[in-house]
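Novice: This is coords-v4.pdb, which holds PDB, C-alpha atoms:
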ATOM      1  CA  MET A 818      19.142 -25.428 -37.789
ATOM      2  CA  ALA A 819      16.692 -22.883 -36.491
ATOM      3  CA  GLU A 820      13.130 -23.929 -35.906
ATOM      4  CA  HIS A 821      10.469 -22.332 -38.059
ATOM      5  CA  ASN A 822       7.384 -21.884 -35.902
ATOM      6  CA  THR A 823       4.168 -20.888 -37.595
ATOM      7  CA  GLY A 824       2.062 -20.589 -34.419
ATOM      8  CA  PRO A 825       1.268 -17.505 -32.355
ATOM      9  CA  ALA A 826       4.141 -15.672 -30.699
ATOM     10  CA  GLU A 827       2.438 -15.572 -27.280
ATOM     11  CA  VAL A 828       1.751 -19.034 -25.974
ATOM     12  CA  GLY A 829       1.614 -18.306 -22.218
ATOM     13  CA  ALA A 830      -0.942 -16.521 -20.097
ATOM     14  CA  PRO A 831      -2.541 -13.417 -21.630
ATOM     15  CA  MET A 832      -0.665 -10.204 -20.870
ATOM     16  CA  ASP A 833      -2.193  -7.601 -18.568
ATOM     17  CA  TYR A 834      -1.133  -4.543 -20.570
ATOM     18  CA  LYS A 835      -2.910  -2.059 -18.305
ATOM     19  CA  GLU A 836      -0.975  -3.308 -15.275
ATOM     20  CA  HIS A 837       2.249  -3.343 -17.289
ATOM     21  CA  GLU A 838       1.799   0.293 -18.295
ATOM     22  CA  HIS A 839       0.950   1.253 -14.704
ATOM     23  CA  THR A 840       4.113  -0.408 -13.392
ATOM     24  CA  TYR A 841       6.229   1.224 -16.115
ATOM     25  CA  ASN A 842       4.799   4.666 -15.324
ATOM     26  CA  MET A 843       5.533   4.135 -11.626
ATOM     27  CA  PHE A 844       9.119   3.160 -12.479
ATOM     28  CA  LEU A 845       9.567   6.288 -14.597
ATOM     29  CA  ALA A 846       8.188   8.503 -11.817
ATOM     30  CA  ALA A 847      10.482   6.872  -9.222
ATOM     31  CA  ALA A 848      13.497   7.330 -11.490
ATOM     32  CA  LYS A 849      12.595  10.965 -12.234
ATOM     33  CA  TYR A 850      11.940  12.040  -8.645
ATOM     34  CA  GLY A 851      14.777   9.921  -7.252
ATOM     35  CA  THR A 852      17.201  11.627  -9.606
ATOM     36  CA  LEU A 853      15.785  15.012  -8.635
ATOM     37  CA  PHE A 854      16.298  14.220  -4.942
ATOM     38  CA  LEU A 855      19.892  13.109  -5.481
ATOM     39  CA  VAL A 856      20.720  16.221  -7.527
ATOM     40  CA  ALA A 857      19.161  18.446  -4.850
ATOM     41  CA  LEU A 858      21.109  16.597  -2.159
ATOM     42  CA  LEU A 859      24.407  17.030  -3.998
ATOM     43  CA  VAL A 860      23.779  20.735  -4.619
ATOM     44  CA  GLY A 861      22.863  21.195  -0.959
ATOM     45  CA  MET A 862      25.985  19.343   0.163
ATOM     46  CA  ALA A 863      28.149  21.453  -2.131
ATOM     47  CA  ALA A 864      26.558  24.640  -0.776
ATOM     48  CA  GLY A 865      27.051  23.480   2.796
ATOM     49  CA  PHE A 866      30.632  22.277   2.443
ATOM     50  CA  PHE A 867      32.212  24.664  -0.030
ATOM     51  CA  THR A 868      30.533  27.960   0.828
ATOM     52  CA  GLY A 869      29.851  29.740   4.081
ATOM     53  CA  ALA A 870      26.280  28.433   4.215
ATOM     54  CA  GLY A 871      26.973  25.692   6.739
ATOM     55  CA  PHE A 872      24.702  22.770   7.569
ATOM     56  CA  LEU A 873      21.413  24.661   7.827
ATOM     57  CA  GLY A 874      22.177  26.696   4.732
ATOM     58  CA  GLY A 875      22.853  23.471   2.839
ATOM     59  CA  ILE A 876      19.497  22.091   3.928
ATOM     60  CA  VAL A 877      17.755  25.295   2.816
ATOM     61  CA  VAL A 878      19.483  25.151  -0.570
ATOM     62  CA  MET A 879      18.604  21.453  -0.939
ATOM     63  CA  LEU A 880      14.933  22.101  -0.165
ATOM     64  CA  ALA A 881      14.830  25.084  -2.539
ATOM     65  CA  VAL A 882      16.324  23.044  -5.381
ATOM     66  CA  PHE A 883      14.007  20.108  -4.649
ATOM     67  CA  ILE A 884      10.864  22.261  -4.579
ATOM     68  CA  ALA A 885      11.908  24.098  -7.742
ATOM     69  CA  GLY A 886      12.499  20.741  -9.423
ATOM     70  CA  LEU A 887       9.097  19.472  -8.346
ATOM     71  CA  VAL A 888       7.450  22.527  -9.868
ATOM     72  CA  LEU A 889       9.423  22.216 -13.099
ATOM     73  CA  LEU A 890       8.919  18.456 -13.511
ATOM     74  CA  ARG A 891       5.125  18.485 -13.124
TER      75      ARG A 891
END
Since I need it in another form, could you write the structure as structure tokens?
Specialist:
Amino acid sequence: MAEHNTGPAEVGAPMDYKEHEHTYNMFLAAAKYGTLFLVALLVGMAAGFFTGAGFLGGIVVMLAVFIAGLVLLR
């Protein structure tokens, strides 16, 4: 049978909610900007490989997409 506890739910050390929220916000920012970088990289690779842009053109396209994404995601 299941135990029926009537005590408090938290029995360990007190939670540091401010630090938890800070870590969560850092994780969200890393996920957001990491995804932006990967999308910009893939678009730049596609421009470099499948069009006449070449390597330097792909880098220019990647940087343009990345900077535009940074502006839009602020």
Novice: When you look at Phe872 of chain A with a cut-off of 10 Å (counting all atoms listed in the file), what residues show up, excluding the ones that are within fewer than 6 positions of it in the same chain? I need them as a PyMOL selection string.
Specialist: chain A and resi 861-862+864-866+878
Novice: Work out how far atom CA of Met843 of chain A is from atom CA of Ala857 of chain A, in Å to one decimal.
Specialist: 20.9 Å
Novice: Excluding Phe854 of chain A and residues on its chain fewer than 3 positions from it, collect all residues at most 12 Å away from it, counting all atoms listed in the file, and give them as a list in words.
Specialist: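 Skipping anything fewer than 3 positions along the chain leaves Ala847, Ala848, Lys849, Tyr850, Gly851, Ala857, Leu858, Leu859, Val860, Gly861, Met879, Leu880, Ala881, Val882, Phe883, Ile884, Ala885, Gly886 and Leu887 of chain A.
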Novice: At what distance in Å, to one decimal, does atom CA of Asp833 of chain A lie from atom CA of Ala846 of chain A?
Specialist: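 Rounded to one decimal, the two atoms are 20.3 Å apart.
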Novice: What is the atom CA of His821 of chain A to atom CA of His837 of chain A distance in Å?
Specialist: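 About the pair atom CA of His821 of chain A and atom CA of His837 of chain A: they are 29.3 Å apart.
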